[in-house]
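Here's the structure we're looking at; comments come further down.
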Amino acid sequence: MPNVRARAGRWAVAAALVSLAAATAVAPNVGAQADPASVAKPEAVQILRVSTPSHVHKARLQALDLDLTEHGTRTTVDLVSYGRADRAKLRDAGFSWRVVVADLAEAERLRVEADKEYARAARPPGAGLPSGRTAYRTLADYGTDLASLAATYPSQTRLFNLNHPSLEGRQVKALEVSNNVAAKDGKPTFLVMGVHHAREWPSGELTIEFAYDLLKNSADPRIKNILDKSRVLFVPIVNPDGFDVSRTQTYEMKRKNCRITDLVLPGAGECQNSSNFSLGTDPNRNYGGFWGGPGASTSKTSETYRGSGAFSEPETQNIQELVSSRQVVTLITNHTYSNLVLRPPGYAAAGLTPDEAVYKALGDAMAAPMGYTSQYGYQLYDTTGTTEDWSYFATGGLGFTFEHGGNSFHPTFSNVVSMYKGGKKATGGAREAFLTAAESTVNETRHAVISGTAPAGVTLRLKKTFATATWSGATFQDTLDSTLVVPAGGSYTWHANPSTRPEVEQDGGTEAWTLTCESATGTVLETKQVTVDRGQSVTANLTC
Ligand code: 0X9
Ligand code: ZN
């Protein structure tokens, strides 16, 4: 039995931390100047359900720069309120609301207690999830578990660091899973990610659990087919600095990264200092596609701060470079909370994508086993600079945001088990949705195939360089560049994204991949332009 005194102590600490954060989120210097009496009465952090009967109301609400969740309906949006100042903003703008969670610090205390009880009671320990986990991982746990998977399954895994360490100098880890993972072949890639947003802990858990599942059950015919024909790439923690701040309860509601000052690395302890809790760049507003448009803030204390420029952050640069260096034909970025599968576009005025039919088919097929709603990113509110709005428009690969979980950013751990395996309404859970995504990845009607003959052992390269526009019309250069090595036997098959980008297709144009053949020292021996659509197979023979 936990002792009551200890519980009270923990609650006081948690409440103080969250309240302190709350105070700083709305007025960073209050703590320094206020008299002790006003500091002693902390304001509760709450979830409010705001009445937004139309899209216009939602847009007006979003313009207030409050901490919106993705949880909402046609007529409501839930948000995190940090106290009087936030409520005053709402009131002054004419909004009405009801309180859904009166005290998030208290709810978190109950979550911690419930999770301890769950871990104690789990019989047999960890029966629920592929890894056997019974509690949320810490950042160190993710490192240990990824290393252990790599050590246990050497021929099926490749563990590597992404190109850029985080702002606080942490490595961002990726695990690639495939049968014969070391072969430099042309299998299509399915990328699964978690924890762009620090406080959304289940998003990392679901990601790494699917890696366990594939590896532990690789003899299952369905999984064997996936591992034979595709590469599944996992980045469970995109934002390790933010996650550590949230997971250690330094500031449990942390969402963004640790950028305190634009373009400058944070000093030791700066991100953990309560006066900086409201600072940071939102990684999910920092991607380059349409960067700087609606639904992203210019205010550094906003939870949707877009950052100083498109891809200004190492966390988003990592994903940009990862996606650009291989043929990611399916992408899922996991978030919490709501029960949604979101597909582009992220802002309404963009219009439907030219791939709407196939996009909707896959989104619906993934949402069904989770009992989620499949819809457009913009349906609750507009956003720009989000992950799949860049990845889809740059590569044509089908990217989705999953918003898991019904009622909080990190609910009790038993919820993670039902999110993964499926609960009462959901038949197969995230597991089934991820398997569906993996099967779509190997489905040749959903991507392009280039095949042909070429001398065994030569390196083939598919490359494309183009300008991606941000919201202002300014552009930056995107380069997609991936390679394979022609196997013994001299014929290759390359599962790739279509050569024509969606926006070029929308304008009725076509675009080609540049396919080159290179010697061992990198000399280009032959170059071909290859035009290939989704669902199409073309032949490209090279003599090199
Ligand atoms: O706002 C976000 O980045 C995502 N929601 S969350 O609560 N996890 O932060 C949703 C982005 C999805 N895209 C659109 N709503 N357009
Ligand atoms: Zn999120």
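To be explicit about the labels: the chains of the structure tokens are called A, B, and onward in the order shown, and within each one the residues are counted from 1, while ligands get numbers from 1 in the order they are shown.
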Next on the checklist: Neighbouring residues of ligand 2 are defined here as those with any atom at most 8 Å from a ligand atom, counting only C-alpha atoms and all ligand atoms; list them as a PyMOL selection string.
Outcome noted: chain A and resi 70+195-197+200+255+284+334-337+403
Go ahead and write the residues just picked, N, CA and C atoms, as a PDB file, in the first residue's frame.
```pdb
ATOM      1  N   GLU A  70      -6.299  18.154 -30.286  1.00  0.00           N
ATOM      2  CA  GLU A  70      -6.925  17.718 -31.541  1.00  0.00           C
ATOM      3  C   GLU A  70      -8.277  17.069 -31.225  1.00  0.00           C
ATOM      4  N   VAL A 195       6.229  10.775 -30.807  1.00  0.00           N
ATOM      5  CA  VAL A 195       6.743  11.853 -29.948  1.00  0.00           C
ATOM      6  C   VAL A 195       7.431  12.992 -30.711  1.00  0.00           C
ATOM      7  N   HIS A 196       6.723  13.533 -31.703  1.00  0.00           N
ATOM      8  CA  HIS A 196       7.051  14.894 -32.124  1.00  0.00           C
ATOM      9  C   HIS A 196       6.717  15.817 -30.940  1.00  0.00           C
ATOM     10  N   HIS A 197       5.578  15.522 -30.319  1.00  0.00           N
ATOM     11  CA  HIS A 197       5.110  16.322 -29.172  1.00  0.00           C
ATOM     12  C   HIS A 197       5.444  15.604 -27.874  1.00  0.00           C
ATOM     13  N   GLU A 200       3.062  13.545 -25.492  1.00  0.00           N
ATOM     14  CA  GLU A 200       2.181  12.546 -26.098  1.00  0.00           C
ATOM     15  C   GLU A 200       2.834  11.163 -26.016  1.00  0.00           C
ATOM     16  N   ARG A 255       5.278  20.379 -24.659  1.00  0.00           N
ATOM     17  CA  ARG A 255       4.864  19.918 -26.000  1.00  0.00           C
ATOM     18  C   ARG A 255       5.998  20.067 -27.019  1.00  0.00           C
ATOM     19  N   ASN A 284       5.828  20.151 -35.101  1.00  0.00           N
ATOM     20  CA  ASN A 284       4.776  19.883 -36.091  1.00  0.00           C
ATOM     21  C   ASN A 284       4.202  21.160 -36.712  1.00  0.00           C
ATOM     22  N   ASN A 334       2.628   9.331 -35.216  1.00  0.00           N
ATOM     23  CA  ASN A 334       1.670   9.090 -34.127  1.00  0.00           C
ATOM     24  C   ASN A 334       1.636  10.275 -33.162  1.00  0.00           C
ATOM     25  N   HIS A 335       0.443  10.642 -32.748  1.00  0.00           N
ATOM     26  CA  HIS A 335       0.214  11.715 -31.776  1.00  0.00           C
ATOM     27  C   HIS A 335      -0.902  11.277 -30.831  1.00  0.00           C
ATOM     28  N   THR A 336      -1.133  12.096 -29.792  1.00  0.00           N
ATOM     29  CA  THR A 336      -2.355  11.998 -28.989  1.00  0.00           C
ATOM     30  C   THR A 336      -2.890  13.415 -28.836  1.00  0.00           C
ATOM     31  N   TYR A 337      -4.179  13.728 -28.531  1.00  0.00           N
ATOM     32  CA  TYR A 337      -5.158  12.718 -28.359  1.00  0.00           C
ATOM     33  C   TYR A 337      -6.449  13.070 -29.064  1.00  0.00           C
ATOM     34  N   GLU A 403      -4.063  10.325 -34.386  1.00  0.00           N
ATOM     35  CA  GLU A 403      -4.298  10.918 -33.058  1.00  0.00           C
ATOM     36  C   GLU A 403      -4.951   9.828 -32.219  1.00  0.00           C
TER      37      GLU A 403
END
```
Using only C-alpha atoms, which residues sit within 7 Å of region 241-244 of chain A once same-chain residues fewer than 6 positions away are excluded, as a compact mmCIF listing (two decimals) with all heavy atoms, in the first residue's frame?
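Listed below is the output, result-v5.txt:
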```txt
# COMPACT_ATOMS: atom_id res chain seq x y z
N LEU A 139 13.13 7.95 -21.39
CA LEU A 139 14.00 8.08 -22.57
C LEU A 139 15.09 7.02 -22.54
O LEU A 139 15.40 6.40 -23.56
CB LEU A 139 14.60 9.49 -22.60
CG LEU A 139 15.39 9.83 -23.86
CD1 LEU A 139 14.55 9.69 -25.12
CD2 LEU A 139 15.96 11.24 -23.76
N SER A 166 19.89 16.26 -31.14
CA SER A 166 18.89 17.24 -30.68
C SER A 166 19.60 18.49 -30.17
O SER A 166 20.83 18.52 -30.04
CB SER A 166 18.07 16.62 -29.55
OG SER A 166 18.92 16.47 -28.42
N GLU A 168 19.81 19.65 -27.26
CA GLU A 168 20.57 19.39 -26.04
C GLU A 168 21.64 18.32 -26.25
O GLU A 168 22.24 17.84 -25.29
CB GLU A 168 19.62 18.97 -24.91
CG GLU A 168 18.74 20.11 -24.43
CD GLU A 168 18.01 19.80 -23.14
OE1 GLU A 168 17.51 18.66 -22.98
OE2 GLU A 168 17.90 20.69 -22.29
N ALA A 198 6.18 16.31 -27.00
CA ALA A 198 6.81 15.70 -25.84
C ALA A 198 5.83 14.97 -24.91
O ALA A 198 6.12 13.89 -24.42
CB ALA A 198 7.55 16.79 -25.07
N ARG A 199 4.68 15.58 -24.68
CA ARG A 199 3.76 15.04 -23.67
C ARG A 199 2.92 13.88 -24.20
O ARG A 199 2.16 13.27 -23.45
CB ARG A 199 2.84 16.16 -23.19
CG ARG A 199 1.96 16.76 -24.28
CD ARG A 199 1.37 18.10 -23.85
NE ARG A 199 0.61 18.72 -24.93
CZ ARG A 199 0.12 19.95 -24.89
NH1 ARG A 199 0.32 20.70 -23.82
NH2 ARG A 199 -0.56 20.44 -25.91
N LYS A 254 4.95 19.69 -21.22
CA LYS A 254 5.84 20.14 -22.30
C LYS A 254 5.38 19.55 -23.63
O LYS A 254 5.12 18.34 -23.72
CB LYS A 254 7.27 19.68 -22.00
CG LYS A 254 8.28 19.96 -23.08
CD LYS A 254 8.83 21.34 -22.98
CE LYS A 254 9.81 21.63 -24.13
NZ LYS A 254 10.13 23.06 -24.21
N ARG A 255 5.28 20.38 -24.66
CA ARG A 255 4.86 19.92 -26.00
C ARG A 255 6.00 20.07 -27.02
O ARG A 255 6.22 19.19 -27.85
CB ARG A 255 3.67 20.75 -26.46
CG ARG A 255 3.33 20.65 -27.96
CD ARG A 255 2.18 21.58 -28.31
NE ARG A 255 2.00 21.79 -29.73
CZ ARG A 255 1.11 21.13 -30.49
NH1 ARG A 255 0.35 20.19 -29.96
NH2 ARG A 255 0.98 21.41 -31.76
N LYS A 256 6.71 21.19 -26.96
CA LYS A 256 7.58 21.59 -28.07
C LYS A 256 9.02 21.07 -27.85
O LYS A 256 9.27 20.25 -27.00
CB LYS A 256 7.54 23.11 -28.19
CG LYS A 256 6.13 23.63 -28.45
CD LYS A 256 6.08 25.13 -28.62
CE LYS A 256 6.29 25.88 -27.33
NZ LYS A 256 6.33 27.34 -27.51
N ASN A 257 9.96 21.59 -28.63
CA ASN A 257 11.35 21.19 -28.43
C ASN A 257 12.02 22.17 -27.45
O ASN A 257 11.34 22.94 -26.77
CB ASN A 257 12.09 21.07 -29.77
CG ASN A 257 12.45 22.43 -30.39
OD1 ASN A 257 12.05 23.48 -29.89
ND2 ASN A 257 13.20 22.40 -31.47
N CYS A 258 13.35 22.13 -27.38
CA CYS A 258 14.05 22.93 -26.37
C CYS A 258 14.70 24.18 -26.97
O CYS A 258 15.70 24.67 -26.45
CB CYS A 258 15.08 22.08 -25.63
SG CYS A 258 14.31 21.09 -24.32
```
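Between CA of Ser519 (chain A) and CA of Gly489 (chain A) the interatomic distance comes to 17.4 Å.
Here the DSSP assignment of strand (DSSP E or B), based on backbone atoms, applies within region 420-469 of chain A to Ala448, Val449, Ile450, Ser451, Gly452, Thr453, Thr459, Leu460, Arg461, Leu462, Lys463, Lys464, Thr465, Phe466, Ala467, Thr468 and Ala469 of chain A.
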Take the residues from that selection and put them in a file with N, CA, C and O atoms, as a PDB file, in the first residue's frame.
```pdb
ATOM      1  N   ALA A 448       5.119   3.241 -57.242  1.00  0.00           N
ATOM      2  CA  ALA A 448       5.632   3.040 -58.603  1.00  0.00           C
ATOM      3  C   ALA A 448       6.732   1.981 -58.566  1.00  0.00           C
ATOM      4  O   ALA A 448       7.396   1.809 -57.542  1.00  0.00           O
ATOM      5  N   VAL A 449       6.907   1.276 -59.689  1.00  0.00           N
ATOM      6  CA  VAL A 449       7.961   0.257 -59.747  1.00  0.00           C
ATOM      7  C   VAL A 449       8.828   0.507 -60.987  1.00  0.00           C
ATOM      8  O   VAL A 449       8.316   0.652 -62.090  1.00  0.00           O
ATOM      9  N   ILE A 450      10.140   0.577 -60.752  1.00  0.00           N
ATOM     10  CA  ILE A 450      11.095   0.702 -61.859  1.00  0.00           C
ATOM     11  C   ILE A 450      11.962  -0.547 -61.812  1.00  0.00           C
ATOM     12  O   ILE A 450      12.527  -0.864 -60.766  1.00  0.00           O
ATOM     13  N   SER A 451      12.041  -1.270 -62.926  1.00  0.00           N
ATOM     14  CA  SER A 451      12.881  -2.470 -62.905  1.00  0.00           C
ATOM     15  C   SER A 451      13.630  -2.606 -64.212  1.00  0.00           C
ATOM     16  O   SER A 451      13.306  -1.941 -65.200  1.00  0.00           O
ATOM     17  N   GLY A 452      14.629  -3.456 -64.194  1.00  0.00           N
ATOM     18  CA  GLY A 452      15.409  -3.639 -65.416  1.00  0.00           C
ATOM     19  C   GLY A 452      16.698  -4.387 -65.144  1.00  0.00           C
ATOM     20  O   GLY A 452      16.874  -4.983 -64.078  1.00  0.00           O
ATOM     21  N   THR A 453      17.570  -4.303 -66.126  1.00  0.00           N
ATOM     22  CA  THR A 453      18.863  -4.973 -66.002  1.00  0.00           C
ATOM     23  C   THR A 453      19.963  -3.933 -65.863  1.00  0.00           C
ATOM     24  O   THR A 453      19.842  -2.815 -66.390  1.00  0.00           O
ATOM     25  N   THR A 459      25.998   0.776 -58.305  1.00  0.00           N
ATOM     26  CA  THR A 459      25.043   1.561 -57.523  1.00  0.00           C
ATOM     27  C   THR A 459      24.131   2.337 -58.471  1.00  0.00           C
ATOM     28  O   THR A 459      24.613   3.033 -59.374  1.00  0.00           O
ATOM     29  N   LEU A 460      22.828   2.186 -58.278  1.00  0.00           N
ATOM     30  CA  LEU A 460      21.860   3.002 -59.014  1.00  0.00           C
ATOM     31  C   LEU A 460      21.347   4.089 -58.075  1.00  0.00           C
ATOM     32  O   LEU A 460      21.200   3.854 -56.867  1.00  0.00           O
ATOM     33  N   ARG A 461      21.091   5.241 -58.629  1.00  0.00           N
ATOM     34  CA  ARG A 461      20.621   6.369 -57.813  1.00  0.00           C
ATOM     35  C   ARG A 461      19.377   6.980 -58.454  1.00  0.00           C
ATOM     36  O   ARG A 461      19.346   7.209 -59.660  1.00  0.00           O
ATOM     37  N   LEU A 462      18.367   7.217 -57.626  1.00  0.00           N
ATOM     38  CA  LEU A 462      17.170   7.955 -58.063  1.00  0.00           C
ATOM     39  C   LEU A 462      17.218   9.313 -57.397  1.00  0.00           C
ATOM     40  O   LEU A 462      17.304   9.392 -56.163  1.00  0.00           O
ATOM     41  N   LYS A 463      17.131  10.361 -58.206  1.00  0.00           N
ATOM     42  CA  LYS A 463      17.326  11.690 -57.633  1.00  0.00           C
ATOM     43  C   LYS A 463      16.362  12.694 -58.247  1.00  0.00           C
ATOM     44  O   LYS A 463      15.986  12.576 -59.420  1.00  0.00           O
ATOM     45  N   LYS A 464      16.010  13.657 -57.444  1.00  0.00           N
ATOM     46  CA  LYS A 464      15.147  14.742 -57.923  1.00  0.00           C
ATOM     47  C   LYS A 464      15.407  15.954 -57.039  1.00  0.00           C
ATOM     48  O   LYS A 464      15.471  15.841 -55.818  1.00  0.00           O
ATOM     49  N   THR A 465      15.605  17.104 -57.645  1.00  0.00           N
ATOM     50  CA  THR A 465      15.793  18.344 -56.886  1.00  0.00           C
ATOM     51  C   THR A 465      14.737  19.337 -57.341  1.00  0.00           C
ATOM     52  O   THR A 465      14.499  19.470 -58.538  1.00  0.00           O
ATOM     53  N   PHE A 466      14.109  19.980 -56.399  1.00  0.00           N
ATOM     54  CA  PHE A 466      13.030  20.910 -56.772  1.00  0.00           C
ATOM     55  C   PHE A 466      12.896  21.952 -55.673  1.00  0.00           C
ATOM     56  O   PHE A 466      13.442  21.811 -54.576  1.00  0.00           O
ATOM     57  N   ALA A 467      12.140  22.983 -55.993  1.00  0.00           N
ATOM     58  CA  ALA A 467      11.901  24.052 -55.021  1.00  0.00           C
ATOM     59  C   ALA A 467      10.573  23.783 -54.316  1.00  0.00           C
ATOM     60  O   ALA A 467       9.566  23.511 -54.968  1.00  0.00           O
ATOM     61  N   THR A 468      10.599  23.801 -52.979  1.00  0.00           N
ATOM     62  CA  THR A 468       9.350  23.687 -52.215  1.00  0.00           C
ATOM     63  C   THR A 468       9.005  25.076 -51.688  1.00  0.00           C
ATOM     64  O   THR A 468       9.857  25.778 -51.146  1.00  0.00           O
ATOM     65  N   ALA A 469       7.733  25.444 -51.875  1.00  0.00           N
ATOM     66  CA  ALA A 469       7.316  26.792 -51.466  1.00  0.00           C
ATOM     67  C   ALA A 469       6.820  26.791 -50.029  1.00  0.00           C
ATOM     68  O   ALA A 469       6.113  25.882 -49.600  1.00  0.00           O
TER      69      ALA A 469
END
```
Checklist entry - With only C-alpha atoms and all ligand atoms as the atoms that count, which of A:Leu380, A:Ala350, A:Ala102, A:Ala44 lies nearest to ligand 1? => result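 With only C-alpha atoms and all ligand atoms as the atom set, the closest residue is A:Leu380.
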Checklist entry - How would you write, as an MDAnalysis selection string, the set of residues in region 320-359 of chain A that DSSP gives as helix (DSSP H, G or I)? => result chainID A and resid 320:324 348:350 356:359
Prev. selection, all heavy atoms, output as a CSV table (one decimal), in the first residue's frame:
```csv
chain,number,residue,atom,x,y,z
A,320,GLN,N,13.2,15.2,-42.4
A,320,GLN,CA,13.3,15.6,-43.8
A,320,GLN,C,14.4,14.8,-44.5
A,320,GLN,O,14.2,14.2,-45.6
A,320,GLN,CB,13.7,17.1,-43.9
A,320,GLN,CG,13.8,17.5,-45.4
A,320,GLN,CD,14.5,18.9,-45.5
A,320,GLN,OE1,15.2,19.4,-44.6
A,320,GLN,NE2,14.2,19.6,-46.5
A,321,GLU,N,15.6,14.6,-43.9
A,321,GLU,CA,16.7,13.9,-44.5
A,321,GLU,C,16.4,12.4,-44.6
A,321,GLU,O,16.8,11.8,-45.5
A,321,GLU,CB,18.0,14.3,-43.8
A,321,GLU,CG,18.3,15.8,-44.1
A,321,GLU,CD,19.4,16.3,-43.2
A,321,GLU,OE1,20.2,15.6,-42.6
A,321,GLU,OE2,19.5,17.6,-43.0
A,322,LEU,N,15.8,11.9,-43.6
A,322,LEU,CA,15.5,10.5,-43.6
A,322,LEU,C,14.5,10.1,-44.7
A,322,LEU,O,14.8,9.2,-45.5
A,322,LEU,CB,14.8,10.1,-42.2
A,322,LEU,CG,14.6,8.6,-42.0
A,322,LEU,CD1,15.9,7.9,-41.8
A,322,LEU,CD2,13.7,8.5,-40.7
A,323,VAL,N,13.5,10.9,-44.8
A,323,VAL,CA,12.5,10.7,-45.9
A,323,VAL,C,13.1,10.9,-47.2
A,323,VAL,O,12.7,10.2,-48.2
A,323,VAL,CB,11.2,11.6,-45.6
A,323,VAL,CG1,10.3,11.6,-46.8
A,323,VAL,CG2,10.5,11.1,-44.4
A,324,SER,N,14.0,11.9,-47.3
A,324,SER,CA,14.5,12.2,-48.6
A,324,SER,C,15.6,11.2,-49.1
A,324,SER,O,15.9,11.2,-50.3
A,324,SER,CB,15.2,13.6,-48.6
A,324,SER,OG,14.2,14.6,-48.2
A,348,ALA,N,-7.6,23.9,-45.2
A,348,ALA,CA,-8.8,23.6,-46.1
A,348,ALA,C,-8.6,24.2,-47.5
A,348,ALA,O,-8.9,23.5,-48.5
A,348,ALA,CB,-10.0,24.2,-45.5
A,349,ALA,N,-8.0,25.4,-47.6
A,349,ALA,CA,-7.9,26.1,-48.9
A,349,ALA,C,-7.0,25.3,-49.9
A,349,ALA,O,-7.0,25.6,-51.1
A,349,ALA,CB,-7.4,27.5,-48.7
A,350,ALA,N,-6.2,24.4,-49.4
A,350,ALA,CA,-5.3,23.6,-50.4
A,350,ALA,C,-6.1,22.8,-51.3
A,350,ALA,O,-5.6,22.4,-52.4
A,350,ALA,CB,-4.4,22.8,-49.6
A,356,GLU,N,-6.6,11.6,-53.7
A,356,GLU,CA,-7.7,11.5,-52.7
A,356,GLU,C,-8.3,10.1,-52.6
A,356,GLU,O,-8.5,9.6,-51.5
A,356,GLU,CB,-8.8,12.6,-52.9
A,356,GLU,CG,-10.1,12.4,-52.2
A,356,GLU,CD,-9.9,12.5,-50.6
A,356,GLU,OE1,-8.8,12.8,-50.1
A,356,GLU,OE2,-10.9,12.1,-49.9
A,357,ALA,N,-8.5,9.5,-53.8
A,357,ALA,CA,-9.2,8.2,-53.8
A,357,ALA,C,-8.3,7.1,-53.0
A,357,ALA,O,-8.8,6.4,-52.1
A,357,ALA,CB,-9.5,7.7,-55.2
A,358,VAL,N,-7.1,7.0,-53.4
A,358,VAL,CA,-6.2,6.0,-52.7
A,358,VAL,C,-5.9,6.4,-51.3
A,358,VAL,O,-5.9,5.6,-50.4
A,358,VAL,CB,-4.9,5.8,-53.5
A,358,VAL,CG1,-4.0,7.0,-53.6
A,358,VAL,CG2,-4.1,4.6,-53.0
A,359,TYR,N,-5.8,7.7,-51.0
A,359,TYR,CA,-5.5,8.2,-49.7
A,359,TYR,C,-6.7,7.9,-48.8
A,359,TYR,O,-6.5,7.4,-47.6
A,359,TYR,CB,-5.3,9.7,-49.8
A,359,TYR,CG,-4.0,10.3,-49.1
A,359,TYR,CD1,-3.2,11.2,-49.8
A,359,TYR,CD2,-3.7,9.9,-47.9
A,359,TYR,CE1,-2.1,11.7,-49.3
A,359,TYR,CE2,-2.5,10.4,-47.3
A,359,TYR,CZ,-1.7,11.2,-48.0
A,359,TYR,OH,-0.5,11.7,-47.5
```
Checklist entry - Nearest to Thr516 (chain A): which of A:Ser482, A:Phe476, A:Pro498, A:Ser312 is it, counting only C-alpha atoms? => result A:Ser482
Checklist entry - Leaving out Asn286 (chain A) and any residue of its chain fewer than 5 positions from it, which residues lie within 8 Å of it when counting only C-alpha atoms, given as a PyMOL selection string? => result chain A and resi 281+291+306-307+309-313+316+385-386
Save the residues we just selected, N, CA, C and O atoms, as a compact mmCIF listing (two decimals), in the first residue's frame?
```txt
# COMPACT_ATOMS: atom_id res chain seq x y z
N THR A 281 10.10 25.47 -30.12
CA THR A 281 9.48 25.43 -31.45
C THR A 281 8.62 24.18 -31.54
O THR A 281 9.03 23.11 -31.09
N TRP A 291 5.12 26.11 -44.84
CA TRP A 291 5.59 26.65 -43.56
C TRP A 291 5.20 28.13 -43.42
O TRP A 291 5.34 28.90 -44.36
N ARG A 306 6.08 28.32 -34.86
CA ARG A 306 6.53 27.67 -36.10
C ARG A 306 8.05 27.61 -36.24
O ARG A 306 8.57 26.92 -37.12
N GLY A 307 8.76 28.35 -35.38
CA GLY A 307 10.22 28.38 -35.48
C GLY A 307 10.68 29.51 -36.37
O GLY A 307 9.88 30.20 -37.01
N GLY A 309 12.39 29.50 -39.12
CA GLY A 309 12.37 29.27 -40.57
C GLY A 309 11.92 27.85 -40.84
O GLY A 309 11.87 27.02 -39.92
N ALA A 310 11.62 27.56 -42.11
CA ALA A 310 11.26 26.19 -42.48
C ALA A 310 12.43 25.26 -42.14
O ALA A 310 13.57 25.58 -42.47
N PHE A 311 12.13 24.18 -41.47
CA PHE A 311 13.16 23.21 -41.09
C PHE A 311 14.31 23.87 -40.31
O PHE A 311 15.48 23.55 -40.54
N SER A 312 13.98 24.76 -39.40
CA SER A 312 15.03 25.40 -38.60
C SER A 312 15.51 24.49 -37.48
O SER A 312 16.53 24.79 -36.84
N GLU A 313 14.79 23.39 -37.21
CA GLU A 313 15.08 22.58 -36.02
C GLU A 313 15.72 21.25 -36.39
O GLU A 313 15.35 20.63 -37.39
N THR A 316 13.20 18.29 -37.07
CA THR A 316 12.51 18.20 -38.36
C THR A 316 13.51 17.96 -39.50
O THR A 316 13.20 17.26 -40.46
N GLY A 385 2.88 23.52 -42.01
CA GLY A 385 4.19 23.13 -41.49
C GLY A 385 4.16 21.79 -40.77
O GLY A 385 5.06 21.48 -39.99
N THR A 386 3.14 20.96 -41.05
CA THR A 386 3.05 19.66 -40.38
C THR A 386 3.78 18.59 -41.20
O THR A 386 4.11 18.79 -42.37
```
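Pairwise distance (CA of Asn497 (chain A), CA of Val329 (chain A)) equals 6.0 Å.
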Next on the checklist: Using only C-alpha atoms and all ligand atoms, which residues have at least one atom no more than 9 Å from ligand 1? Output them as number ranges by chain.
Outcome noted: A: 67-71, 196-197, 200, 255, 282-285, 295-296, 303-304, 334-338, 342-348, 376-384, 386-389, 400-404, 409
Item to check | Using only C-alpha atoms: which of A:Ser274, A:Lys528, A:Thr333, A:Ser418 has the shortest distance to Tyr251 (chain A) | outcome: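 Of A:Ser274, A:Lys528, A:Thr333, A:Ser418, the one nearest Tyr251 (chain A), counting only C-alpha atoms, is A:Ser274.
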Next on the checklist: So that I can see what lies close to Gly143 (chain A), please list as a PyMOL selection string the residues with an atom at most 10 Å from it, counting only C-alpha atoms and leaving out residues fewer than 4 positions away in the same chain.
Outcome noted: chain A and resi 137-139+147-148+171-173+237
Item to check | Distance query Gly535 (chain A) at most 6 Å, only C-alpha atoms, self and fewer than 3 positions along chain excluded, as a PyMOL selection string | outcome: chain A and resi 444-448
Produce a file of the selected residues containing N, CA, C and O atoms, as a PDB file, in the first residue's frame.
```
ATOM      1  N   GLU A 444       1.736  -2.956 -54.928  1.00  0.00           N
ATOM      2  CA  GLU A 444       2.323  -2.225 -56.069  1.00  0.00           C
ATOM      3  C   GLU A 444       1.357  -1.268 -56.754  1.00  0.00           C
ATOM      4  O   GLU A 444       1.784  -0.412 -57.529  1.00  0.00           O
ATOM      5  N   THR A 445       0.065  -1.391 -56.468  1.00  0.00           N
ATOM      6  CA  THR A 445      -0.859  -0.418 -57.066  1.00  0.00           C
ATOM      7  C   THR A 445      -0.792   0.923 -56.324  1.00  0.00           C
ATOM      8  O   THR A 445      -1.320   1.918 -56.775  1.00  0.00           O
ATOM      9  N   ARG A 446      -0.089   0.941 -55.178  1.00  0.00           N
ATOM     10  CA  ARG A 446      -0.051   2.166 -54.353  1.00  0.00           C
ATOM     11  C   ARG A 446       1.272   2.931 -54.495  1.00  0.00           C
ATOM     12  O   ARG A 446       1.446   3.963 -53.869  1.00  0.00           O
ATOM     13  N   HIS A 447       2.231   2.375 -55.224  1.00  0.00           N
ATOM     14  CA  HIS A 447       3.461   3.119 -55.467  1.00  0.00           C
ATOM     15  C   HIS A 447       3.921   2.843 -56.905  1.00  0.00           C
ATOM     16  O   HIS A 447       3.158   2.277 -57.686  1.00  0.00           O
ATOM     17  N   ALA A 448       5.119   3.241 -57.242  1.00  0.00           N
ATOM     18  CA  ALA A 448       5.632   3.040 -58.603  1.00  0.00           C
ATOM     19  C   ALA A 448       6.732   1.981 -58.566  1.00  0.00           C
ATOM     20  O   ALA A 448       7.396   1.809 -57.542  1.00  0.00           O
TER      21      ALA A 448
END
```
Item to check | Surrounding residues of region 419-435 of chain A excluding itself and chain neighbours under 3 positions, 9 Å, only C-alpha atoms, as a list of chain:residue names | outcome: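 Surrounding residues, per the criterion: A:Gly128, A:Leu129, A:Val192, A:Pro202, A:Glu205, A:Leu206, A:Glu209, A:Phe210, A:Asp213, A:Arg222, A:Ile223, A:Ile226, A:Ile332, A:Ala365, A:Met366, A:Ala367, A:Ala368, A:Pro369, A:Met370, A:Gly371, A:Tyr372, A:His404, A:Gly405, A:Ser414, A:Asn415, A:Val416, A:Ala438, A:Glu439, A:Ser440.
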Next on the checklist: Which residue is closest to Ala63 (chain A)? Choose from A:Ser299, A:Ala88, A:Ala122, A:Cys271 and count only C-alpha atoms.
Outcome noted: A:Ser299
Next on the checklist: Restricting the calculation to only C-alpha atoms: of A:Ser81, A:Gly289, A:Gly396, A:Pro130, which residue gets closest to Met253 (chain A)?
Outcome noted: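 Of A:Ser81, A:Gly289, A:Gly396, A:Pro130, the one nearest Met253 (chain A), counting only C-alpha atoms, is A:Ser81.
Residues within 8 Å of Ala174 (chain A), counting only C-alpha atoms and excluding same-chain residues fewer than 2 positions away, are A:Leu159, A:Phe160, A:Asn161, A:Leu162, A:Val172, A:Glu176, A:Leu233, A:Phe234, A:Val235, A:Pro236.
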Checklist entry - Any idea what the distance is between CA of Lys360 (chain A) and CA of Glu503 (chain A)? => result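 That distance, rounded to one decimal, is 17.9 Å.
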